[in-house]
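For reference, entry.txt is printed below; it contains compact mmCIF, C-alpha atoms.
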```txt
# COMPACT_ATOMS: atom_id res chain seq x y z
CA MET A 1 85.25 -59.79 -129.59
CA PRO A 2 86.03 -63.42 -130.63
CA ARG A 3 83.77 -66.06 -129.15
CA SER A 4 86.69 -67.96 -127.53
CA ILE A 5 87.72 -64.90 -125.48
CA LYS A 6 84.14 -64.57 -124.28
CA TYR A 7 84.16 -68.24 -123.22
CA ALA A 8 87.53 -67.81 -121.50
CA LEU A 9 86.27 -64.75 -119.63
CA PHE A 10 83.09 -66.52 -118.62
CA ALA A 11 85.11 -69.50 -117.33
CA LEU A 12 87.44 -67.14 -115.43
CA VAL A 13 84.54 -65.40 -113.71
CA ILE A 14 82.94 -68.75 -112.78
CA PHE A 15 86.29 -69.93 -111.45
CA ALA A 16 86.65 -66.70 -109.46
CA ILE A 17 83.23 -67.14 -107.86
CA ILE A 18 83.93 -70.80 -106.98
CA PHE A 19 87.32 -69.87 -105.60
CA PHE A 20 85.96 -67.10 -103.38
CA ILE A 21 83.20 -69.35 -102.06
CA THR A 22 85.75 -72.11 -101.32
CA MET A 23 88.10 -69.63 -99.71
CA LEU A 24 85.43 -68.26 -97.40
CA GLY A 25 84.32 -71.74 -96.40
CA THR A 26 87.71 -73.35 -95.87
CA GLN A 27 90.27 -72.99 -93.15
CA SER A 28 93.62 -71.46 -94.00
CA VAL A 29 96.78 -73.47 -94.62
CA ARG A 30 97.88 -72.68 -91.05
CA ASP A 31 94.89 -74.57 -89.65
CA ILE A 32 95.01 -77.45 -92.13
CA GLY A 33 98.75 -78.01 -91.97
CA GLY A 34 99.13 -77.80 -88.22
CA LEU A 35 101.88 -75.36 -87.33
CA SER A 36 103.64 -75.59 -84.00
CA PRO A 37 100.94 -74.98 -81.41
CA THR A 38 100.86 -71.59 -79.80
CA GLU A 39 101.35 -71.19 -76.07
CA SER A 40 97.60 -71.00 -75.42
CA GLU A 41 97.05 -74.33 -77.21
CA TYR A 42 99.17 -76.36 -74.83
CA MET A 43 97.97 -74.48 -71.74
CA PRO A 44 94.24 -75.18 -71.68
CA ASP A 45 93.80 -73.68 -68.21
CA GLU A 46 95.17 -70.33 -69.34
CA LYS A 47 93.10 -70.45 -72.52
CA ALA A 48 89.98 -70.84 -70.43
CA ASN A 49 90.96 -67.93 -68.19
CA GLY A 50 91.56 -65.58 -71.10
CA GLU A 51 94.75 -63.73 -72.04
CA GLU A 52 97.36 -63.34 -69.37
CA SER A 53 100.88 -62.01 -69.53
CA GLU A 54 103.70 -64.55 -70.03
CA ASP A 55 105.22 -63.97 -66.62
CA SER A 56 102.08 -63.89 -64.54
CA GLY A 57 100.69 -67.18 -65.88
CA PRO A 58 99.04 -69.55 -63.42
CA THR A 59 101.05 -72.40 -61.96
CA PRO A 60 100.17 -75.74 -63.62
CA LYS A 61 98.61 -78.50 -61.55
CA SER A 62 101.55 -80.85 -62.05
CA SER A 63 104.88 -80.30 -63.75
CA GLY A 64 105.32 -82.04 -67.10
CA SER A 65 101.87 -83.63 -67.06
CA MET A 66 100.78 -82.59 -70.57
CA LYS A 67 101.28 -84.91 -73.52
CA PRO A 68 101.02 -82.82 -76.68
CA LYS A 69 100.13 -84.47 -79.99
CA LYS A 70 102.87 -82.54 -81.77
CA ARG A 71 106.43 -81.67 -80.90
CA ILE A 72 106.64 -78.14 -79.46
CA THR A 73 109.47 -75.83 -80.43
CA VAL A 74 111.03 -73.83 -77.62
CA ARG A 75 114.02 -71.52 -77.46
CA ASP A 76 117.07 -71.37 -75.26
CA PHE A 77 120.53 -69.82 -75.26
CA LEU A 78 123.72 -71.78 -75.78
CA VAL A 79 126.20 -69.87 -73.65
CA ALA A 80 129.89 -70.07 -74.62
CA GLY A 81 131.62 -73.00 -72.92
CA GLU A 82 128.37 -74.73 -71.98
CA LYS A 83 126.74 -77.80 -73.50
CA GLU A 84 123.18 -78.43 -74.65
CA GLY A 85 120.64 -79.67 -72.11
CA SER A 86 119.75 -83.36 -72.18
CA GLY A 87 116.48 -85.17 -72.82
CA TYR A 88 115.01 -83.09 -75.63
CA SER A 89 113.41 -84.81 -78.57
CA LEU A 90 115.07 -82.56 -81.14
CA TYR A 91 117.98 -80.11 -81.02
CA SER A 92 117.88 -77.11 -83.35
CA TYR A 93 120.20 -74.16 -83.84
CA LEU A 94 119.48 -70.74 -85.29
CA LEU A 95 122.74 -69.98 -87.07
CA PHE A 96 124.26 -66.80 -88.47
CA LYS A 97 127.60 -67.48 -90.16
CA VAL A 98 128.59 -63.84 -90.53
CA PRO A 99 127.81 -60.68 -88.55
CA PRO A 100 125.07 -58.51 -90.09
CA THR A 101 126.01 -56.08 -92.87
CA GLU A 102 124.05 -53.05 -94.05
CA GLU A 103 122.13 -55.30 -96.46
CA THR A 104 121.44 -58.14 -94.01
CA GLN A 105 120.79 -56.15 -90.82
CA GLY A 106 117.06 -55.87 -91.55
CA LYS A 107 116.75 -59.56 -92.28
CA TYR A 108 118.59 -60.64 -89.12
CA THR A 109 116.42 -58.32 -87.04
CA ALA A 110 113.18 -59.50 -88.69
CA LEU A 111 114.12 -63.17 -88.29
CA LEU A 112 115.06 -62.80 -84.62
CA ALA A 113 111.93 -60.74 -83.90
CA ALA A 114 109.73 -63.40 -85.53
CA PHE A 115 111.62 -66.15 -83.69
CA LEU A 116 111.15 -64.49 -80.30
CA GLN A 117 107.50 -63.81 -81.07
CA LYS A 118 106.60 -67.30 -82.30
CA VAL A 119 108.73 -69.47 -80.02
CA SER A 120 108.38 -69.53 -76.22
CA ALA A 121 111.26 -69.77 -73.75
CA ALA A 122 112.15 -73.37 -72.84
CA ALA A 123 111.98 -72.79 -69.08
CA LYS A 124 108.36 -71.63 -69.32
CA VAL A 125 107.14 -74.52 -71.46
CA GLU A 126 109.00 -77.11 -69.40
CA LYS A 127 106.69 -76.28 -66.49
CA TYR A 128 103.90 -77.93 -68.47
CA VAL A 129 105.47 -80.43 -70.85
CA GLU A 130 108.28 -82.96 -70.52
CA ARG A 131 111.47 -82.40 -72.49
CA LYS A 132 110.88 -85.48 -74.64
CA TYR A 133 108.06 -83.61 -76.38
CA LEU A 134 110.15 -80.51 -77.07
CA ASN A 135 112.32 -79.28 -79.91
CA VAL A 136 114.82 -76.93 -78.31
CA THR A 137 116.18 -74.24 -80.63
CA TYR A 138 119.43 -72.77 -79.41
CA LEU A 139 120.87 -69.37 -80.06
CA PRO A 140 124.65 -69.46 -79.49
CA VAL A 141 125.65 -66.44 -77.39
CA ASN A 142 128.87 -65.25 -75.78
CA ARG A 143 127.55 -64.59 -72.29
CA ARG A 144 124.63 -65.38 -70.04
CA ILE A 145 121.39 -63.49 -70.61
CA PRO A 146 120.88 -60.61 -68.17
CA VAL A 147 118.42 -60.93 -65.30
CA GLY A 148 114.92 -60.01 -66.44
CA PHE A 149 115.71 -60.63 -70.12
CA GLU A 150 112.25 -62.10 -70.73
CA ASN A 151 110.70 -58.83 -69.57
CA TYR A 152 112.62 -56.83 -72.21
CA GLY A 153 110.78 -55.50 -75.24
CA ASN A 154 111.16 -57.48 -78.48
CA ALA A 155 113.46 -54.88 -80.09
CA GLN A 156 115.66 -54.78 -76.97
CA LYS A 157 115.92 -58.58 -76.95
CA VAL A 158 116.88 -58.65 -80.64
CA ASN A 159 119.58 -56.01 -80.10
CA TRP A 160 121.02 -57.93 -77.15
CA ILE A 161 121.16 -61.17 -79.17
CA LEU A 162 122.82 -59.47 -82.16
CA ASP A 163 125.38 -57.80 -79.86
CA ASN A 164 126.21 -61.03 -78.05
CA TYR A 165 125.81 -63.65 -80.80
CA ASN A 166 128.56 -66.27 -80.81
CA TYR A 167 129.55 -66.41 -84.50
CA ALA A 168 132.54 -68.68 -83.78
CA ARG A 169 130.33 -71.40 -82.29
CA ALA A 170 127.77 -70.95 -85.06
CA ARG A 171 130.52 -71.55 -87.65
CA VAL A 172 131.62 -74.70 -85.80
CA ILE A 173 128.05 -76.04 -85.91
CA CYS A 174 127.81 -75.04 -89.61
CA ALA A 175 130.98 -77.04 -90.28
CA ALA A 176 129.17 -80.16 -89.04
CA ILE A 177 126.31 -79.71 -91.52
CA PRO A 178 126.63 -81.98 -94.56
CA GLY A 179 126.80 -80.34 -97.99
CA GLU A 180 127.65 -76.89 -99.32
CA LEU A 181 126.23 -73.91 -97.45
CA SER A 182 125.46 -70.33 -98.38
CA ASN A 183 125.91 -67.47 -95.91
CA GLY A 184 122.56 -68.22 -94.31
CA PRO A 185 120.93 -67.62 -91.89
CA PHE A 186 120.10 -71.27 -91.20
CA ILE A 187 118.10 -73.43 -88.88
CA TYR A 188 119.68 -76.83 -88.37
CA SER A 189 117.96 -79.63 -86.43
CA VAL A 190 119.28 -83.01 -85.32
CA GLN A 191 118.22 -85.63 -82.82
CA ASN A 192 121.66 -85.87 -81.24
CA PRO A 193 123.43 -82.69 -80.12
CA ASP A 194 126.85 -84.30 -80.62
CA TYR A 195 127.41 -82.34 -83.84
CA LEU A 196 131.18 -82.70 -83.66
CA GLY A 197 130.91 -86.49 -83.72
CA SER A 198 132.35 -88.36 -86.69
CA GLU A 199 129.04 -89.86 -87.81
CA GLU A 200 126.81 -87.94 -90.17
CA PRO A 201 123.26 -87.61 -88.78
CA ALA A 202 120.76 -89.99 -90.40
CA HIS A 203 118.00 -87.40 -90.33
CA PHE A 204 118.20 -83.65 -90.03
CA ILE A 205 116.41 -80.42 -90.99
CA LEU A 206 118.43 -77.77 -92.74
CA GLN A 207 116.53 -74.62 -93.54
CA ASP A 208 118.60 -72.17 -95.53
CA MET A 209 116.97 -68.74 -95.34
CA ALA A 210 119.40 -66.94 -97.64
CA ARG A 211 116.62 -66.35 -100.17
CA ALA A 212 114.02 -65.26 -97.61
CA PRO A 213 113.20 -61.53 -97.77
CA SER A 214 112.95 -59.65 -94.46
CA HIS A 215 109.17 -59.38 -94.45
CA LEU A 216 108.74 -63.14 -95.07
CA CYS A 217 111.15 -64.40 -92.39
CA GLY A 218 108.17 -65.26 -90.20
CA LEU A 219 106.71 -67.41 -92.97
CA TRP A 220 109.99 -69.32 -93.37
CA LEU A 221 110.05 -69.78 -89.63
CA ASP A 222 106.50 -71.20 -89.81
CA LYS A 223 107.80 -73.77 -92.28
CA PHE A 224 110.49 -74.86 -89.81
CA LEU A 225 108.04 -74.98 -86.87
CA LYS A 226 105.65 -77.06 -88.92
CA GLN A 227 108.29 -79.54 -90.02
CA ALA A 228 109.85 -79.84 -86.56
CA ALA A 229 106.42 -80.53 -85.05
CA ARG A 230 106.14 -83.75 -87.06
CA GLU A 231 107.06 -87.10 -85.58
CA GLU A 232 109.11 -87.85 -88.71
CA PHE A 233 110.66 -84.40 -88.77
CA TRP A 234 112.80 -85.10 -91.83
CA GLN A 235 109.69 -85.47 -94.02
CA ARG A 236 109.12 -82.25 -95.92
CA ASP A 237 105.68 -80.79 -96.59
CA LYS A 238 106.09 -80.24 -100.32
CA MET A 239 102.86 -78.27 -100.76
CA PHE A 240 103.77 -75.78 -98.03
CA GLU A 241 107.30 -75.61 -99.47
CA LEU A 242 105.87 -74.81 -102.92
CA THR A 243 103.68 -72.10 -101.40
CA ILE A 244 106.64 -70.48 -99.67
CA ASN A 245 108.83 -70.71 -102.76
CA LEU A 246 106.08 -69.12 -104.86
CA ARG A 247 105.54 -66.37 -102.30
CA THR A 248 109.31 -65.75 -102.09
CA ALA A 249 109.56 -65.60 -105.90
CA VAL A 250 106.84 -62.93 -106.01
CA ALA A 251 108.63 -60.96 -103.28
CA ALA A 252 111.92 -61.24 -105.23
CA LEU A 253 110.16 -60.01 -108.38
CA ALA A 254 108.70 -57.08 -106.44
CA GLY A 255 112.16 -56.30 -105.05
CA GLY A 256 113.18 -55.23 -108.54
CA VAL A 257 110.19 -52.92 -109.17
CA GLU A 258 111.72 -49.88 -107.50
CA SER A 259 115.13 -50.13 -109.17
CA VAL A 260 113.57 -50.86 -112.60
CA THR A 261 111.30 -47.82 -112.18
CA HIS A 262 114.31 -45.64 -111.31
CA SER A 263 116.30 -46.88 -114.30
CA MET A 264 113.32 -46.34 -116.62
CA ASP A 265 112.95 -42.78 -115.28
CA TRP A 266 116.67 -42.24 -115.91
CA TRP A 267 116.34 -43.46 -119.52
CA GLN A 268 113.20 -41.35 -120.02
CA GLY A 269 115.15 -38.27 -118.88
CA LYS A 270 118.08 -39.10 -121.19
CA MET A 271 115.78 -39.69 -124.18
CA ASP A 272 114.04 -36.35 -123.55
CA GLN A 273 117.46 -34.63 -123.41
CA TRP A 274 118.61 -36.25 -126.68
CA ILE A 275 115.36 -35.39 -128.47
CA TRP A 276 115.68 -31.80 -127.23
CA VAL A 277 119.31 -31.61 -128.51
CA ASP A 278 118.26 -33.08 -131.89
CA LYS A 279 115.47 -30.54 -132.20
CA LEU A 280 117.89 -27.72 -131.28
CA VAL A 281 120.43 -28.84 -133.92
CA ALA A 282 117.69 -29.18 -136.54
CA SER A 283 116.35 -25.69 -135.82
CA ASN A 284 119.86 -24.17 -136.10
CA GLN A 285 120.40 -25.83 -139.49
CA MET B 1 85.98 -50.46 -119.46
CA LYS B 2 86.98 -53.13 -121.98
CA PHE B 3 86.53 -56.85 -121.38
CA PHE B 4 90.27 -57.22 -121.79
CA THR B 5 90.94 -54.89 -118.82
CA ILE B 6 88.30 -56.64 -116.73
CA THR B 7 89.92 -60.01 -117.48
CA ILE B 8 93.30 -58.75 -116.29
CA PHE B 9 91.66 -57.24 -113.19
CA VAL B 10 89.87 -60.49 -112.33
CA ALA B 11 93.04 -62.55 -112.90
CA CYS B 12 95.07 -60.26 -110.62
CA LEU B 13 92.35 -60.33 -107.98
CA LEU B 14 92.37 -64.13 -108.10
CA ILE B 15 96.14 -64.23 -107.66
CA TRP B 16 95.91 -61.85 -104.70
CA ALA B 17 93.14 -63.97 -103.14
CA LEU B 18 95.10 -67.18 -103.73
CA PHE B 19 98.12 -65.84 -101.88
CA LYS B 20 95.92 -64.40 -99.13
CA TRP B 21 94.47 -67.89 -98.66
CA LEU B 22 97.81 -69.69 -98.86
CA THR B 23 99.66 -67.35 -96.51
CA PRO B 24 97.01 -65.41 -94.55
CA ASP B 25 99.53 -63.63 -92.31
CA TYR B 26 101.62 -62.44 -95.24
CA PRO B 27 99.33 -60.99 -97.97
CA LEU B 28 100.85 -59.49 -101.12
CA ASN B 29 101.84 -55.85 -100.66
CA GLU B 30 101.48 -53.01 -103.18
CA THR B 31 104.89 -53.45 -104.83
CA GLU B 32 104.37 -57.19 -105.21
CA MET B 33 100.97 -56.55 -106.83
CA ILE B 34 102.58 -54.10 -109.30
CA ALA B 35 104.95 -56.88 -110.39
CA ILE B 36 102.11 -59.40 -110.67
CA VAL B 37 99.91 -57.03 -112.73
CA ALA B 38 102.85 -56.51 -115.12
CA VAL B 39 103.35 -60.27 -115.57
CA VAL B 40 99.61 -60.90 -116.04
CA ALA B 41 99.38 -58.06 -118.56
CA ILE B 42 102.27 -59.51 -120.61
CA PHE B 43 100.56 -62.93 -120.68
CA ALA B 44 97.25 -61.30 -121.64
CA PHE B 45 98.88 -59.41 -124.53
CA ILE B 46 100.52 -62.59 -125.81
CA ILE B 47 97.15 -64.42 -125.70
CA LYS B 48 95.47 -61.49 -127.45
CA ARG B 49 98.08 -61.50 -130.26
CA ILE B 50 97.64 -65.25 -130.76
CA GLN B 51 93.87 -64.74 -130.90
CA LEU B 52 94.32 -61.96 -133.47
CA LYS B 53 96.54 -64.16 -135.66
CA ILE B 54 94.02 -67.00 -135.53
CA SER B 55 91.11 -64.74 -136.45
CA ARG B 56 93.14 -63.20 -139.36
CA LYS B 57 93.90 -66.69 -140.70
CA LYS B 58 90.20 -67.54 -140.56
CA ASP B 59 89.34 -64.30 -142.39
CA THR B 60 91.81 -64.98 -145.26
CA LYS B 61 90.40 -68.49 -145.69
```
This structure in structure tokens:
Amino acid sequence: MPRSIKYALFALVIFAIIFFITMLGTQSVRDIGGLSPTESEYMPDEKANGEESEDSGPTPKSSGSMKPKKRITVRDFLVAGEKEGSGYSLYSYLLFKVPPTEETQGKYTALLAAFLQKVSAAAKVEKYVERKYLNVTYLPVNRRIPVGFENYGNAQKVNWILDNYNYARARVICAAIPGELSNGPFIYSVQNPDYLGSEEPAHFILQDMARAPSHLCGLWLDKFLKQAAREEFWQRDKMFELTINLRTAVAALAGGVESVTHSMDWWQGKMDQWIWVDKLVASNQ
Amino acid sequence: MKFFTITIFVACLLIWALFKWLTPDYPLNETEMIAIVAVVAIFAFIIKRIQLKISRKKDTK
């Protein structure tokens, strides 16, 4: 074995050891970067009392008394014919331009499931924090949510949203977004909910999740939550963006493994057949 | 096991660990690792060929 390969291998092993030691001793990107705080982080009383269900949480001492260090993302429904609530620090919309197809059904479901899991209902958070600290993310729907919706299971909630999603309103909001758009899904955030106004927003977040595979929708959502939590929400975290792009590229590469394997098997079979025919012809001659 | 195989194994392990650290909630799955091993193996073969050419040149001199 050449000496240079030995040196390279030695360096690789040293690097591996250093990396593992660093990895074990350092916090993950989630902790360093500061994602949108979870419900327990802005409810210290509940955190102290241990885990409690969302609906049976204790009543806070005073409404809207907490002043979080980061903007908190909450969710709400934008019912047809109604306007956005006032006083929020940021207005976001989870937008689907087209109804789900066979190919996109899984992605829509995964994205909505992750969204419902990671983002709390606005009404619940508003008991603790004033609206000026919140980023409300609206889901345009055709009718009001049924009574007891928050007690539904996650899958049941996702199905209800997909059945009642207001695609017409989503397309209207998409029309207000500057630049060319793919088929999405998107998350669009602005400070002013007057999206039909003539003025283009000075700052906005547009997260196009067309490239996001189903199993990484939660990661893409993390990116949005992290960016929206910032005071200057239009500033992008380029390192986190690079990480997600890299992770998505690997997932896209892996997406082709199965079909490439099938096509290679097909060619293998064909080659075997042709060799067998050649041998048969040769033996007859 | 050859050193060459061990090098590929260590490189792949490092890549897996890097992604596990970057995105702890979304580690690489089996299919994604198959794709990564293939890419790493291609790079390793290219490096090995270059090494071989260099050593041949040295031998002829």
For this session: Measure the distance from atom CA of A:Val260 to atom CA of A:Cys217 in Å and round it to one decimal.
Result: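 Rounded to one decimal, the two atoms are 24.4 Å apart.
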For this session: Within 6 Å of chain A, which residues of chain B are there when counting all atoms listed in the file? Please give them as a ChimeraX atom specification.
Result: /B:21-22,31-32,35
Seminar exercise, completed: Of A:Lys223, A:Ala282, A:Asn245, A:Leu112, the one sitting nearest A:Gln156 when using only C-alpha atoms is A:Leu112
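Interatomic distance, atom CA of A:Ala11 against atom CA of B:Trp16: 18.3 Å.
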Determine, counting all atoms listed in the file, every residue of protein, DNA or RNA that lies within 10 Å of (112.7, -78.5, -70.6) in the file coordinates, then give the result as an mmCIF file with C-alpha atoms, keeping the file's coordinate frame.
```cif
data_model
loop_
_atom_site.group_PDB
_atom_site.id
_atom_site.type_symbol
_atom_site.label_atom_id
_atom_site.label_comp_id
_atom_site.auth_asym_id
_atom_site.auth_seq_id
_atom_site.Cartn_x
_atom_site.Cartn_y
_atom_site.Cartn_z
ATOM 1 C CA GLY A 64 105.320 -82.040 -67.100
ATOM 2 C CA VAL A 74 111.030 -73.830 -77.620
ATOM 3 C CA ARG A 75 114.020 -71.520 -77.460
ATOM 4 C CA ASP A 76 117.070 -71.370 -75.260
ATOM 5 C CA GLY A 85 120.640 -79.670 -72.110
ATOM 6 C CA SER A 86 119.750 -83.360 -72.180
ATOM 7 C CA GLY A 87 116.480 -85.170 -72.820
ATOM 8 C CA TYR A 88 115.010 -83.090 -75.630
ATOM 9 C CA ALA A 121 111.260 -69.770 -73.750
ATOM 10 C CA ALA A 122 112.150 -73.370 -72.840
ATOM 11 C CA ALA A 123 111.980 -72.790 -69.080
ATOM 12 C CA LYS A 124 108.360 -71.630 -69.320
ATOM 13 C CA VAL A 125 107.140 -74.520 -71.460
ATOM 14 C CA GLU A 126 109.000 -77.110 -69.400
ATOM 15 C CA LYS A 127 106.690 -76.280 -66.490
ATOM 16 C CA TYR A 128 103.900 -77.930 -68.470
ATOM 17 C CA VAL A 129 105.470 -80.430 -70.850
ATOM 18 C CA GLU A 130 108.280 -82.960 -70.520
ATOM 19 C CA ARG A 131 111.470 -82.400 -72.490
ATOM 20 C CA LYS A 132 110.880 -85.480 -74.640
ATOM 21 C CA TYR A 133 108.060 -83.610 -76.380
ATOM 22 C CA LEU A 134 110.150 -80.510 -77.070
ATOM 23 C CA ASN A 135 112.320 -79.280 -79.910
ATOM 24 C CA VAL A 136 114.820 -76.930 -78.310
#
```
Seminar exercise, completed: Pairwise distance, atom CA of A:Ser214 with atom CA of A:Cys174, equals 21.9 Å
Using C-alpha atoms, give me stretch 24-40 of chain B from the structure I just pasted, as a PDB file, in the first residue's frame.
```pdb
ATOM      1  CA  PRO B  24     -30.875  14.898  14.896  1.00  0.00           C
ATOM      2  CA  ASP B  25     -34.600  14.308  14.357  1.00  0.00           C
ATOM      3  CA  TYR B  26     -34.124  13.206  10.762  1.00  0.00           C
ATOM      4  CA  PRO B  27     -31.197  10.718  10.541  1.00  0.00           C
ATOM      5  CA  LEU B  28     -30.310   9.126   7.200  1.00  0.00           C
ATOM      6  CA  ASN B  29     -32.385   6.039   6.460  1.00  0.00           C
ATOM      7  CA  GLU B  30     -31.232   2.797   4.819  1.00  0.00           C
ATOM      8  CA  THR B  31     -31.975   3.824   1.226  1.00  0.00           C
ATOM      9  CA  GLU B  32     -30.204   7.152   1.677  1.00  0.00           C
ATOM     10  CA  MET B  33     -27.156   5.340   3.086  1.00  0.00           C
ATOM     11  CA  ILE B  34     -27.114   2.996   0.047  1.00  0.00           C
ATOM     12  CA  ALA B  35     -26.889   6.065  -2.210  1.00  0.00           C
ATOM     13  CA  ILE B  36     -24.161   7.630  -0.068  1.00  0.00           C
ATOM     14  CA  VAL B  37     -22.063   4.426   0.008  1.00  0.00           C
ATOM     15  CA  ALA B  38     -22.289   4.281  -3.806  1.00  0.00           C
ATOM     16  CA  VAL B  39     -21.084   7.887  -4.165  1.00  0.00           C
ATOM     17  CA  VAL B  40     -18.259   7.398  -1.636  1.00  0.00           C
TER      18      VAL B  40
END
```
